[in-house]
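Some notes on the structure that comes next.
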Amino acid sequence: MAVIIDGKATALVVRGALRKDVEAFAQEKNIAPGLAVVIVGSDPASQVYVRNKHKACGEVGMYSEVHALPAETTEDELLLLIDKLNKDAKIHGILVQLPLPKHLDEEKVILAIDPRKDVDAFHPQNVGKIMIGNFSFVPCTPAGVMELLKQYNIDPAGKHCVIIGRSNIVGKPQAMLMLKENATVTICHSKTANLAEITKTADILVAAVGRANFVTADMVKEGAVVIDVGINRNADGKLCGDVDFAAVEPMASYITPVPGGVGPMTITMLLKNTLTAAKEQTK
Ligand code: NDP
């Protein structure tokens with residue numbers, strides 16, 4: 001039987017500490033850390049994420065504003081707003097909710113965000129800093145995974161960490177963070193040959209694929225730590241991860257459930273990045 005890693009409880013602990021840090025910051029600087037969230041269009045999942053981020057800011061005493069723009073917003077209009085937010089002293093972090101409608105160039109939009117306010121850490125300057133291991137911001141989901149490991153005293157040093165997925169948002173930065181913590185890292189993707197043979201050698205297995213029940217028991221080593229980043233809907237429309245939880249849980253030493261595992265940590269790490277941004281901008 002595995003220890004179930006409780007992301008909800010861990011997020012509460014981290015947010016409790018954060019609330020105190022935010023309070024101390026606000027007292028010293030006479031300004032609350034501020035986050036601007038920009039959403040274009042009416043994608044229902046994105047709207048839920050944005051609402052949750054706004055609510056979470058309020059809960060830890062941060063200032064936040066949501067800019068909800070219509071789907072037909074032009075690139076120039078969006079870039080103008082980002083420019084305004086870059087110059088706004090109340091705002092220390094800017095997050096543009098992805099995906100954007102097809103007519104908007106995501107790369108151009110990310111490049112327009114002041115790297116010091118890029119709390120998602122998607123700007124190439126911040127990506128580069130992660131590569132050299134000297135960074136202020138870390139993409140929120142991989143950072144949340146590392147925080148979970150820390151809170152459960154799981155030290156990646158010397159362990160073989162296998163990551164399934166190589167996206168810029170999860171897989172690649174996750175690999176860099178594991179490497180920084182001295183894990184031996186293997187990144188797998190859709191062209192990887194003999195995937196199960198590789199995943200079976202993992203002491204820590206991170207699944208970031210986006211396919212329900214993708215990781216089956218025959219892909220997991222007895223006693224492995226299994227981290228499920230995936231957010232999917234199963235055939236019944238219920239939220240589930242990438243891991244076949246019922247089959248894998250009995251053989252794992254630790255495992256994250258979905259929901260209630262990595263998910264709650266993502267927003268928590270966004271709050272942490274916003275405080276870091278505020279501290280750096282008010283030095
Ligand atoms: P992407 O679609 O960008 O990346 C998926 C990765 O999985 C790709 O690298 C792809 O390989 C790989 N992959 C797909 N099929 C296979 C296969 N058969 N074998 C091996 N690898 C495969 O997704 P994201 O990284 O953005 O997200 C991954 C999951 O995590 C999604 O379910 C997403 O919803 C969830 N997520 C959860 C978050 C949270 O807060 N918990 C935050 C962000 C994402 P290739 O590169 O070759 O195509």
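By convention in this document, the chains of the structure tokens carry letters A, B, ... by their order, each chain's residues are numbered from 1, and ligands are numbered from 1 in the order they are shown.
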
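Within the 12 Å cut-off around Ala246 (chain A), using only C-alpha atoms and omitting residues fewer than 2 positions from it on the same chain, the listed residues are A:Met1, A:Ala2, A:Asn213, A:Val215, A:Thr216, A:Ala217, A:Cys240, A:Gly241, A:Asp242, A:Val243, A:Asp244, A:Val248, A:Glu249, A:Pro250, A:Met251, A:Ala252, A:Ile255, A:Thr256, A:Pro257, A:Val258.
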
I need the chosen residues saved as a compact mmCIF listing (two decimals), in the first residue's frame, with C-alpha atoms.
```
# COMPACT_ATOMS: atom_id res chain seq x y z
CA MET A 1 0.00 0.00 0.00
CA ALA A 2 1.35 3.39 -0.98
CA ASN A 213 -4.94 5.29 -17.52
CA VAL A 215 0.54 4.36 -16.89
CA THR A 216 -0.36 0.77 -16.07
CA ALA A 217 0.99 -1.53 -13.34
CA CYS A 240 -8.64 11.46 -13.58
CA GLY A 241 -4.89 11.50 -14.12
CA ASP A 242 -2.54 9.62 -16.44
CA VAL A 243 -1.98 6.76 -14.02
CA ASP A 244 -4.22 3.74 -13.56
CA VAL A 248 -0.53 1.12 -9.58
CA GLU A 249 -1.21 2.27 -6.01
CA PRO A 250 -0.60 -1.16 -4.37
CA MET A 251 2.92 -1.38 -5.83
CA ALA A 252 4.04 2.24 -5.32
CA ILE A 255 1.51 8.15 -5.18
CA THR A 256 -0.40 11.34 -5.99
CA PRO A 257 -4.15 11.04 -6.62
CA VAL A 258 -6.11 13.02 -9.23
```

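Every protein or nucleic acid residue with an atom no more than 10 Å from Val220 (chain A), counting only C-alpha atoms and leaving out same-chain residues fewer than 6 positions away, appears here: Ala196, Glu197, Ile198, Thr199, Lys200, Thr201, Ala202, Asp203, Ile204, Leu205, Val226, Val248, Glu249, Met251 and Ala252 of chain A.
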
Okay, now the selection with C-alpha atoms, as a PDB file, in the first residue's frame?
```pdb
ATOM      1  CA  ALA A 196       7.644   0.411 -20.262  1.00  0.00           C
ATOM      2  CA  GLU A 197      11.198  -0.964 -20.001  1.00  0.00           C
ATOM      3  CA  ILE A 198      12.434   2.535 -19.162  1.00  0.00           C
ATOM      4  CA  THR A 199       9.627   3.515 -16.796  1.00  0.00           C
ATOM      5  CA  LYS A 200      10.133   0.246 -14.913  1.00  0.00           C
ATOM      6  CA  THR A 201      13.605   1.444 -13.912  1.00  0.00           C
ATOM      7  CA  ALA A 202      12.237   4.646 -12.335  1.00  0.00           C
ATOM      8  CA  ASP A 203      12.593   5.311  -8.621  1.00  0.00           C
ATOM      9  CA  ILE A 204      10.486   8.416  -9.233  1.00  0.00           C
ATOM     10  CA  LEU A 205       8.052   8.305 -12.155  1.00  0.00           C
ATOM     11  CA  VAL A 226       4.550   7.860  -8.730  1.00  0.00           C
ATOM     12  CA  VAL A 248      -0.529   1.125  -9.579  1.00  0.00           C
ATOM     13  CA  GLU A 249      -1.209   2.274  -6.008  1.00  0.00           C
ATOM     14  CA  MET A 251       2.916  -1.379  -5.833  1.00  0.00           C
ATOM     15  CA  ALA A 252       4.037   2.236  -5.320  1.00  0.00           C
TER      16      ALA A 252
END
```

Which residues form the shell of 8 Å around ligand 1 when you count only C-alpha atoms and all ligand atoms, given as a ChimeraX atom specification?
-> /A:140-141,164-171,188-192,195,207-211,214,228-232,241-242,261-267

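For the choices A:Met62, A:Leu149, A:Val37, A:Val119, the atom-to-atom distance to Gln97 (chain A) is smallest for A:Val37 when using only C-alpha atoms.
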
Among A:Phe245, A:Phe122, A:Tyr63, A:Tyr49, Leu35 (chain A) is approached most closely, using only C-alpha atoms, by A:Tyr63

Per DSSP on the backbone, what are the strand (DSSP E) residues of region 62-190 of chain A, as a PDB file with all heavy atoms, in the first residue's frame?
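Printed below is part-v4.pdb as written:
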```pdb
ATOM      1  N   TYR A  63      -2.996  41.242  -3.792  1.00  0.00           N
ATOM      2  CA  TYR A  63      -3.888  41.993  -4.677  1.00  0.00           C
ATOM      3  C   TYR A  63      -3.942  41.255  -6.016  1.00  0.00           C
ATOM      4  O   TYR A  63      -2.928  40.755  -6.496  1.00  0.00           O
ATOM      5  CB  TYR A  63      -3.334  43.410  -4.869  1.00  0.00           C
ATOM      6  CG  TYR A  63      -4.029  44.177  -5.954  1.00  0.00           C
ATOM      7  CD1 TYR A  63      -5.305  44.680  -5.753  1.00  0.00           C
ATOM      8  CD2 TYR A  63      -3.421  44.362  -7.197  1.00  0.00           C
ATOM      9  CE1 TYR A  63      -5.963  45.369  -6.767  1.00  0.00           C
ATOM     10  CE2 TYR A  63      -4.068  45.052  -8.202  1.00  0.00           C
ATOM     11  CZ  TYR A  63      -5.342  45.547  -7.979  1.00  0.00           C
ATOM     12  OH  TYR A  63      -5.996  46.212  -8.982  1.00  0.00           O
ATOM     13  N   SER A  64      -5.123  41.167  -6.605  1.00  0.00           N
ATOM     14  CA  SER A  64      -5.155  40.581  -7.951  1.00  0.00           C
ATOM     15  C   SER A  64      -6.229  41.245  -8.791  1.00  0.00           C
ATOM     16  O   SER A  64      -7.236  41.738  -8.268  1.00  0.00           O
ATOM     17  CB  SER A  64      -5.378  39.076  -7.904  1.00  0.00           C
ATOM     18  OG  SER A  64      -6.700  38.774  -7.569  1.00  0.00           O
ATOM     19  N   GLU A  65      -5.995  41.274 -10.078  1.00  0.00           N
ATOM     20  CA  GLU A  65      -7.016  41.779 -10.990  1.00  0.00           C
ATOM     21  C   GLU A  65      -7.110  40.850 -12.192  1.00  0.00           C
ATOM     22  O   GLU A  65      -6.111  40.287 -12.644  1.00  0.00           O
ATOM     23  CB  GLU A  65      -6.726  43.234 -11.395  1.00  0.00           C
ATOM     24  CG  GLU A  65      -5.342  43.494 -11.921  1.00  0.00           C
ATOM     25  CD  GLU A  65      -5.047  44.984 -12.130  1.00  0.00           C
ATOM     26  OE1 GLU A  65      -5.364  45.811 -11.261  1.00  0.00           O
ATOM     27  OE2 GLU A  65      -4.476  45.311 -13.194  1.00  0.00           O
ATOM     28  N   VAL A  66      -8.340  40.662 -12.647  1.00  0.00           N
ATOM     29  CA  VAL A  66      -8.569  39.794 -13.799  1.00  0.00           C
ATOM     30  C   VAL A  66      -8.957  40.670 -14.987  1.00  0.00           C
ATOM     31  O   VAL A  66      -9.841  41.522 -14.871  1.00  0.00           O
ATOM     32  CB  VAL A  66      -9.697  38.777 -13.511  1.00  0.00           C
ATOM     33  CG1 VAL A  66     -10.009  37.944 -14.757  1.00  0.00           C
ATOM     34  CG2 VAL A  66      -9.303  37.857 -12.350  1.00  0.00           C
ATOM     35  N   HIS A  67      -8.279  40.463 -16.090  1.00  0.00           N
ATOM     36  CA  HIS A  67      -8.636  41.170 -17.327  1.00  0.00           C
ATOM     37  C   HIS A  67      -9.240  40.144 -18.272  1.00  0.00           C
ATOM     38  O   HIS A  67      -8.504  39.334 -18.854  1.00  0.00           O
ATOM     39  CB  HIS A  67      -7.397  41.820 -17.951  1.00  0.00           C
ATOM     40  CG  HIS A  67      -6.807  42.883 -17.073  1.00  0.00           C
ATOM     41  ND1 HIS A  67      -7.107  44.218 -17.218  1.00  0.00           N
ATOM     42  CD2 HIS A  67      -5.976  42.795 -16.004  1.00  0.00           C
ATOM     43  CE1 HIS A  67      -6.472  44.915 -16.288  1.00  0.00           C
ATOM     44  NE2 HIS A  67      -5.773  44.067 -15.540  1.00  0.00           N
ATOM     45  N   ALA A  68     -10.554  40.140 -18.363  1.00  0.00           N
ATOM     46  CA  ALA A  68     -11.256  39.184 -19.227  1.00  0.00           C
ATOM     47  C   ALA A  68     -11.572  39.875 -20.546  1.00  0.00           C
ATOM     48  O   ALA A  68     -12.383  40.814 -20.584  1.00  0.00           O
ATOM     49  CB  ALA A  68     -12.520  38.699 -18.540  1.00  0.00           C
ATOM     50  N   LEU A  69     -10.905  39.426 -21.595  1.00  0.00           N
ATOM     51  CA  LEU A  69     -11.065  40.078 -22.897  1.00  0.00           C
ATOM     52  C   LEU A  69     -11.888  39.190 -23.832  1.00  0.00           C
ATOM     53  O   LEU A  69     -11.803  37.958 -23.759  1.00  0.00           O
ATOM     54  CB  LEU A  69      -9.687  40.328 -23.527  1.00  0.00           C
ATOM     55  CG  LEU A  69      -8.660  41.071 -22.652  1.00  0.00           C
ATOM     56  CD1 LEU A  69      -7.346  41.229 -23.417  1.00  0.00           C
ATOM     57  CD2 LEU A  69      -9.178  42.445 -22.243  1.00  0.00           C
ATOM     58  N   GLY A  93       3.251  40.515 -10.880  1.00  0.00           N
ATOM     59  CA  GLY A  93       3.206  39.298 -11.688  1.00  0.00           C
ATOM     60  C   GLY A  93       2.118  39.386 -12.749  1.00  0.00           C
ATOM     61  O   GLY A  93       1.037  39.908 -12.482  1.00  0.00           O
ATOM     62  N   ILE A  94       2.444  38.910 -13.958  1.00  0.00           N
ATOM     63  CA  ILE A  94       1.454  38.898 -15.051  1.00  0.00           C
ATOM     64  C   ILE A  94       1.337  37.468 -15.555  1.00  0.00           C
ATOM     65  O   ILE A  94       2.351  36.811 -15.832  1.00  0.00           O
ATOM     66  CB  ILE A  94       1.901  39.803 -16.223  1.00  0.00           C
ATOM     67  CG1 ILE A  94       2.124  41.241 -15.740  1.00  0.00           C
ATOM     68  CG2 ILE A  94       0.882  39.767 -17.358  1.00  0.00           C
ATOM     69  CD1 ILE A  94       2.805  42.137 -16.765  1.00  0.00           C
ATOM     70  N   LEU A  95       0.114  37.014 -15.652  1.00  0.00           N
ATOM     71  CA  LEU A  95      -0.111  35.669 -16.179  1.00  0.00           C
ATOM     72  C   LEU A  95      -1.141  35.751 -17.300  1.00  0.00           C
ATOM     73  O   LEU A  95      -2.234  36.268 -17.086  1.00  0.00           O
ATOM     74  CB  LEU A  95      -0.627  34.776 -15.050  1.00  0.00           C
ATOM     75  CG  LEU A  95      -0.898  33.316 -15.370  1.00  0.00           C
ATOM     76  CD1 LEU A  95      -0.685  32.501 -14.124  1.00  0.00           C
ATOM     77  CD2 LEU A  95      -2.303  33.086 -15.888  1.00  0.00           C
ATOM     78  N   VAL A  96      -0.769  35.293 -18.471  1.00  0.00           N
ATOM     79  CA  VAL A  96      -1.733  35.226 -19.576  1.00  0.00           C
ATOM     80  C   VAL A  96      -2.188  33.772 -19.660  1.00  0.00           C
ATOM     81  O   VAL A  96      -1.368  32.866 -19.871  1.00  0.00           O
ATOM     82  CB  VAL A  96      -1.110  35.693 -20.904  1.00  0.00           C
ATOM     83  CG1 VAL A  96      -2.115  35.558 -22.036  1.00  0.00           C
ATOM     84  CG2 VAL A  96      -0.630  37.137 -20.791  1.00  0.00           C
ATOM     85  N   HIS A 160      16.763   7.509  -9.844  1.00  0.00           N
ATOM     86  CA  HIS A 160      16.471   7.608 -11.280  1.00  0.00           C
ATOM     87  C   HIS A 160      15.058   8.148 -11.444  1.00  0.00           C
ATOM     88  O   HIS A 160      14.092   7.498 -11.027  1.00  0.00           O
ATOM     89  CB  HIS A 160      16.601   6.227 -11.955  1.00  0.00           C
ATOM     90  CG  HIS A 160      16.391   6.291 -13.433  1.00  0.00           C
ATOM     91  ND1 HIS A 160      15.946   5.228 -14.174  1.00  0.00           N
ATOM     92  CD2 HIS A 160      16.555   7.315 -14.322  1.00  0.00           C
ATOM     93  CE1 HIS A 160      15.859   5.587 -15.444  1.00  0.00           C
ATOM     94  NE2 HIS A 160      16.221   6.850 -15.553  1.00  0.00           N
ATOM     95  N   CYS A 161      14.957   9.329 -12.015  1.00  0.00           N
ATOM     96  CA  CYS A 161      13.642   9.944 -12.239  1.00  0.00           C
ATOM     97  C   CYS A 161      13.291   9.851 -13.720  1.00  0.00           C
ATOM     98  O   CYS A 161      14.041  10.348 -14.563  1.00  0.00           O
ATOM     99  CB  CYS A 161      13.678  11.404 -11.782  1.00  0.00           C
ATOM    100  SG  CYS A 161      12.161  12.257 -12.201  1.00  0.00           S
ATOM    101  N   VAL A 162      12.198   9.200 -14.020  1.00  0.00           N
ATOM    102  CA  VAL A 162      11.741   9.106 -15.411  1.00  0.00           C
ATOM    103  C   VAL A 162      10.513   9.993 -15.565  1.00  0.00           C
ATOM    104  O   VAL A 162       9.555   9.882 -14.797  1.00  0.00           O
ATOM    105  CB  VAL A 162      11.406   7.643 -15.790  1.00  0.00           C
ATOM    106  CG1 VAL A 162      10.827   7.586 -17.217  1.00  0.00           C
ATOM    107  CG2 VAL A 162      12.647   6.765 -15.687  1.00  0.00           C
ATOM    108  N   ILE A 163      10.581  10.887 -16.546  1.00  0.00           N
ATOM    109  CA  ILE A 163       9.463  11.806 -16.809  1.00  0.00           C
ATOM    110  C   ILE A 163       8.849  11.424 -18.152  1.00  0.00           C
ATOM    111  O   ILE A 163       9.568  11.338 -19.160  1.00  0.00           O
ATOM    112  CB  ILE A 163       9.965  13.264 -16.836  1.00  0.00           C
ATOM    113  CG1 ILE A 163      10.571  13.628 -15.462  1.00  0.00           C
ATOM    114  CG2 ILE A 163       8.837  14.233 -17.204  1.00  0.00           C
ATOM    115  CD1 ILE A 163      11.479  14.806 -15.480  1.00  0.00           C
ATOM    116  N   ILE A 164       7.563  11.170 -18.166  1.00  0.00           N
ATOM    117  CA  ILE A 164       6.896  10.907 -19.455  1.00  0.00           C
ATOM    118  C   ILE A 164       6.233  12.211 -19.875  1.00  0.00           C
ATOM    119  O   ILE A 164       5.301  12.681 -19.209  1.00  0.00           O
ATOM    120  CB  ILE A 164       5.839   9.790 -19.378  1.00  0.00           C
ATOM    121  CG1 ILE A 164       6.305   8.641 -18.475  1.00  0.00           C
ATOM    122  CG2 ILE A 164       5.525   9.276 -20.786  1.00  0.00           C
ATOM    123  CD1 ILE A 164       5.245   7.545 -18.305  1.00  0.00           C
ATOM    124  N   THR A 184      19.081  11.409 -11.375  1.00  0.00           N
ATOM    125  CA  THR A 184      19.505  11.006 -12.718  1.00  0.00           C
ATOM    126  C   THR A 184      18.221  10.964 -13.533  1.00  0.00           C
ATOM    127  O   THR A 184      17.275  10.279 -13.148  1.00  0.00           O
ATOM    128  CB  THR A 184      20.168   9.620 -12.674  1.00  0.00           C
ATOM    129  OG1 THR A 184      21.268   9.693 -11.772  1.00  0.00           O
ATOM    130  CG2 THR A 184      20.623   9.168 -14.049  1.00  0.00           C
ATOM    131  N   VAL A 185      18.188  11.745 -14.622  1.00  0.00           N
ATOM    132  CA  VAL A 185      16.891  12.002 -15.259  1.00  0.00           C
ATOM    133  C   VAL A 185      16.783  11.403 -16.666  1.00  0.00           C
ATOM    134  O   VAL A 185      17.717  11.516 -17.462  1.00  0.00           O
ATOM    135  CB  VAL A 185      16.642  13.528 -15.345  1.00  0.00           C
ATOM    136  CG1 VAL A 185      15.281  13.823 -15.963  1.00  0.00           C
ATOM    137  CG2 VAL A 185      16.736  14.166 -13.962  1.00  0.00           C
ATOM    138  N   THR A 186      15.669  10.782 -16.934  1.00  0.00           N
ATOM    139  CA  THR A 186      15.354  10.320 -18.299  1.00  0.00           C
ATOM    140  C   THR A 186      14.030  10.961 -18.717  1.00  0.00           C
ATOM    141  O   THR A 186      13.069  10.934 -17.941  1.00  0.00           O
ATOM    142  CB  THR A 186      15.198   8.785 -18.335  1.00  0.00           C
ATOM    143  OG1 THR A 186      16.403   8.184 -17.845  1.00  0.00           O
ATOM    144  CG2 THR A 186      14.934   8.292 -19.753  1.00  0.00           C
ATOM    145  N   ILE A 187      14.016  11.554 -19.902  1.00  0.00           N
ATOM    146  CA  ILE A 187      12.766  12.139 -20.421  1.00  0.00           C
ATOM    147  C   ILE A 187      12.240  11.239 -21.544  1.00  0.00           C
ATOM    148  O   ILE A 187      12.974  10.935 -22.484  1.00  0.00           O
ATOM    149  CB  ILE A 187      12.985  13.559 -20.983  1.00  0.00           C
ATOM    150  CG1 ILE A 187      13.694  14.442 -19.959  1.00  0.00           C
ATOM    151  CG2 ILE A 187      11.656  14.179 -21.403  1.00  0.00           C
ATOM    152  CD1 ILE A 187      14.017  15.844 -20.465  1.00  0.00           C
ATOM    153  N   CYS A 188      10.998  10.842 -21.432  1.00  0.00           N
ATOM    154  CA  CYS A 188      10.370  10.014 -22.471  1.00  0.00           C
ATOM    155  C   CYS A 188       9.281  10.824 -23.179  1.00  0.00           C
ATOM    156  O   CYS A 188       8.761  11.792 -22.632  1.00  0.00           O
ATOM    157  CB  CYS A 188       9.733   8.773 -21.848  1.00  0.00           C
ATOM    158  SG  CYS A 188      10.910   7.744 -20.970  1.00  0.00           S
TER     159      CYS A 188
END
```

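For the pair CA of Leu80 (chain A) and CA of Asn52 (chain A), the separation is 25.3 Å.
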
Would you return as number ranges by chain the members of region 99-143 of chain A that DSSP assigns to helix (DSSP H, G or I) on this structure's backbone?
-> A: 106-112, 115-117, 124-131, 140-143

May I have the residues from that selection written out with N, CA, C and O atoms, as a PDB file, in the first residue's frame?
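Output contents, as saved in again.pdb:
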```pdb
ATOM      1  N   GLU A 106       1.002  33.046 -29.406  1.00  0.00           N
ATOM      2  CA  GLU A 106       1.366  32.857 -27.990  1.00  0.00           C
ATOM      3  C   GLU A 106       2.815  33.253 -27.715  1.00  0.00           C
ATOM      4  O   GLU A 106       3.118  33.876 -26.696  1.00  0.00           O
ATOM      5  N   GLU A 107       3.690  32.913 -28.653  1.00  0.00           N
ATOM      6  CA  GLU A 107       5.114  33.193 -28.438  1.00  0.00           C
ATOM      7  C   GLU A 107       5.346  34.703 -28.329  1.00  0.00           C
ATOM      8  O   GLU A 107       6.067  35.169 -27.440  1.00  0.00           O
ATOM      9  N   LYS A 108       4.692  35.434 -29.230  1.00  0.00           N
ATOM     10  CA  LYS A 108       4.839  36.891 -29.241  1.00  0.00           C
ATOM     11  C   LYS A 108       4.302  37.488 -27.925  1.00  0.00           C
ATOM     12  O   LYS A 108       4.896  38.411 -27.362  1.00  0.00           O
ATOM     13  N   VAL A 109       3.200  36.933 -27.461  1.00  0.00           N
ATOM     14  CA  VAL A 109       2.571  37.436 -26.241  1.00  0.00           C
ATOM     15  C   VAL A 109       3.473  37.164 -25.030  1.00  0.00           C
ATOM     16  O   VAL A 109       3.715  38.045 -24.200  1.00  0.00           O
ATOM     17  N   ILE A 110       4.020  35.958 -24.961  1.00  0.00           N
ATOM     18  CA  ILE A 110       4.912  35.614 -23.841  1.00  0.00           C
ATOM     19  C   ILE A 110       6.147  36.517 -23.854  1.00  0.00           C
ATOM     20  O   ILE A 110       6.593  37.005 -22.810  1.00  0.00           O
ATOM     21  N   LEU A 111       6.678  36.765 -25.056  1.00  0.00           N
ATOM     22  CA  LEU A 111       7.871  37.619 -25.179  1.00  0.00           C
ATOM     23  C   LEU A 111       7.604  39.049 -24.731  1.00  0.00           C
ATOM     24  O   LEU A 111       8.519  39.764 -24.326  1.00  0.00           O
ATOM     25  N   ALA A 112       6.322  39.468 -24.799  1.00  0.00           N
ATOM     26  CA  ALA A 112       5.981  40.851 -24.448  1.00  0.00           C
ATOM     27  C   ALA A 112       5.953  41.072 -22.928  1.00  0.00           C
ATOM     28  O   ALA A 112       6.028  42.206 -22.459  1.00  0.00           O
ATOM     29  N   PRO A 115      10.165  40.016 -18.197  1.00  0.00           N
ATOM     30  CA  PRO A 115      10.625  38.769 -17.556  1.00  0.00           C
ATOM     31  C   PRO A 115      10.581  38.823 -16.028  1.00  0.00           C
ATOM     32  O   PRO A 115      10.393  37.808 -15.381  1.00  0.00           O
ATOM     33  N   ARG A 116      10.712  40.033 -15.471  1.00  0.00           N
ATOM     34  CA  ARG A 116      10.666  40.142 -13.997  1.00  0.00           C
ATOM     35  C   ARG A 116       9.261  39.935 -13.463  1.00  0.00           C
ATOM     36  O   ARG A 116       9.051  39.725 -12.272  1.00  0.00           O
ATOM     37  N   LYS A 117       8.249  40.051 -14.361  1.00  0.00           N
ATOM     38  CA  LYS A 117       6.855  39.856 -13.949  1.00  0.00           C
ATOM     39  C   LYS A 117       6.294  38.535 -14.480  1.00  0.00           C
ATOM     40  O   LYS A 117       5.115  38.238 -14.288  1.00  0.00           O
ATOM     41  N   PRO A 124      11.571  33.187 -22.562  1.00  0.00           N
ATOM     42  CA  PRO A 124      12.846  32.507 -22.812  1.00  0.00           C
ATOM     43  C   PRO A 124      13.949  32.882 -21.821  1.00  0.00           C
ATOM     44  O   PRO A 124      14.795  32.049 -21.485  1.00  0.00           O
ATOM     45  N   GLN A 125      13.932  34.111 -21.344  1.00  0.00           N
ATOM     46  CA  GLN A 125      14.952  34.526 -20.372  1.00  0.00           C
ATOM     47  C   GLN A 125      14.843  33.698 -19.082  1.00  0.00           C
ATOM     48  O   GLN A 125      15.844  33.273 -18.518  1.00  0.00           O
ATOM     49  N   ASN A 126      13.616  33.460 -18.646  1.00  0.00           N
ATOM     50  CA  ASN A 126      13.425  32.652 -17.433  1.00  0.00           C
ATOM     51  C   ASN A 126      13.675  31.170 -17.716  1.00  0.00           C
ATOM     52  O   ASN A 126      14.191  30.449 -16.846  1.00  0.00           O
ATOM     53  N   VAL A 127      13.328  30.726 -18.916  1.00  0.00           N
ATOM     54  CA  VAL A 127      13.597  29.330 -19.295  1.00  0.00           C
ATOM     55  C   VAL A 127      15.116  29.092 -19.269  1.00  0.00           C
ATOM     56  O   VAL A 127      15.591  28.088 -18.738  1.00  0.00           O
ATOM     57  N   GLY A 128      15.856  30.064 -19.827  1.00  0.00           N
ATOM     58  CA  GLY A 128      17.313  29.964 -19.842  1.00  0.00           C
ATOM     59  C   GLY A 128      17.894  29.908 -18.441  1.00  0.00           C
ATOM     60  O   GLY A 128      18.812  29.134 -18.156  1.00  0.00           O
ATOM     61  N   LYS A 129      17.319  30.705 -17.548  1.00  0.00           N
ATOM     62  CA  LYS A 129      17.809  30.720 -16.161  1.00  0.00           C
ATOM     63  C   LYS A 129      17.592  29.364 -15.500  1.00  0.00           C
ATOM     64  O   LYS A 129      18.395  28.925 -14.676  1.00  0.00           O
ATOM     65  N   ILE A 130      16.467  28.723 -15.837  1.00  0.00           N
ATOM     66  CA  ILE A 130      16.206  27.392 -15.272  1.00  0.00           C
ATOM     67  C   ILE A 130      17.266  26.408 -15.778  1.00  0.00           C
ATOM     68  O   ILE A 130      17.779  25.583 -15.022  1.00  0.00           O
ATOM     69  N   MET A 131      17.639  26.545 -17.053  1.00  0.00           N
ATOM     70  CA  MET A 131      18.656  25.663 -17.638  1.00  0.00           C
ATOM     71  C   MET A 131      19.985  25.778 -16.905  1.00  0.00           C
ATOM     72  O   MET A 131      20.679  24.792 -16.726  1.00  0.00           O
ATOM     73  N   CYS A 140       4.901  26.682 -12.587  1.00  0.00           N
ATOM     74  CA  CYS A 140       4.184  26.353 -11.346  1.00  0.00           C
ATOM     75  C   CYS A 140       3.964  24.855 -11.128  1.00  0.00           C
ATOM     76  O   CYS A 140       4.089  24.377 -10.001  1.00  0.00           O
ATOM     77  N   THR A 141       3.643  24.104 -12.168  1.00  0.00           N
ATOM     78  CA  THR A 141       3.340  22.691 -11.965  1.00  0.00           C
ATOM     79  C   THR A 141       4.584  21.886 -11.561  1.00  0.00           C
ATOM     80  O   THR A 141       4.548  21.191 -10.532  1.00  0.00           O
ATOM     81  N   PRO A 142       5.696  21.991 -12.310  1.00  0.00           N
ATOM     82  CA  PRO A 142       6.895  21.271 -11.857  1.00  0.00           C
ATOM     83  C   PRO A 142       7.359  21.728 -10.474  1.00  0.00           C
ATOM     84  O   PRO A 142       7.819  20.910  -9.664  1.00  0.00           O
ATOM     85  N   ALA A 143       7.205  23.026 -10.200  1.00  0.00           N
ATOM     86  CA  ALA A 143       7.589  23.518  -8.865  1.00  0.00           C
ATOM     87  C   ALA A 143       6.712  22.871  -7.803  1.00  0.00           C
ATOM     88  O   ALA A 143       7.180  22.517  -6.716  1.00  0.00           O
TER      89      ALA A 143
END
```
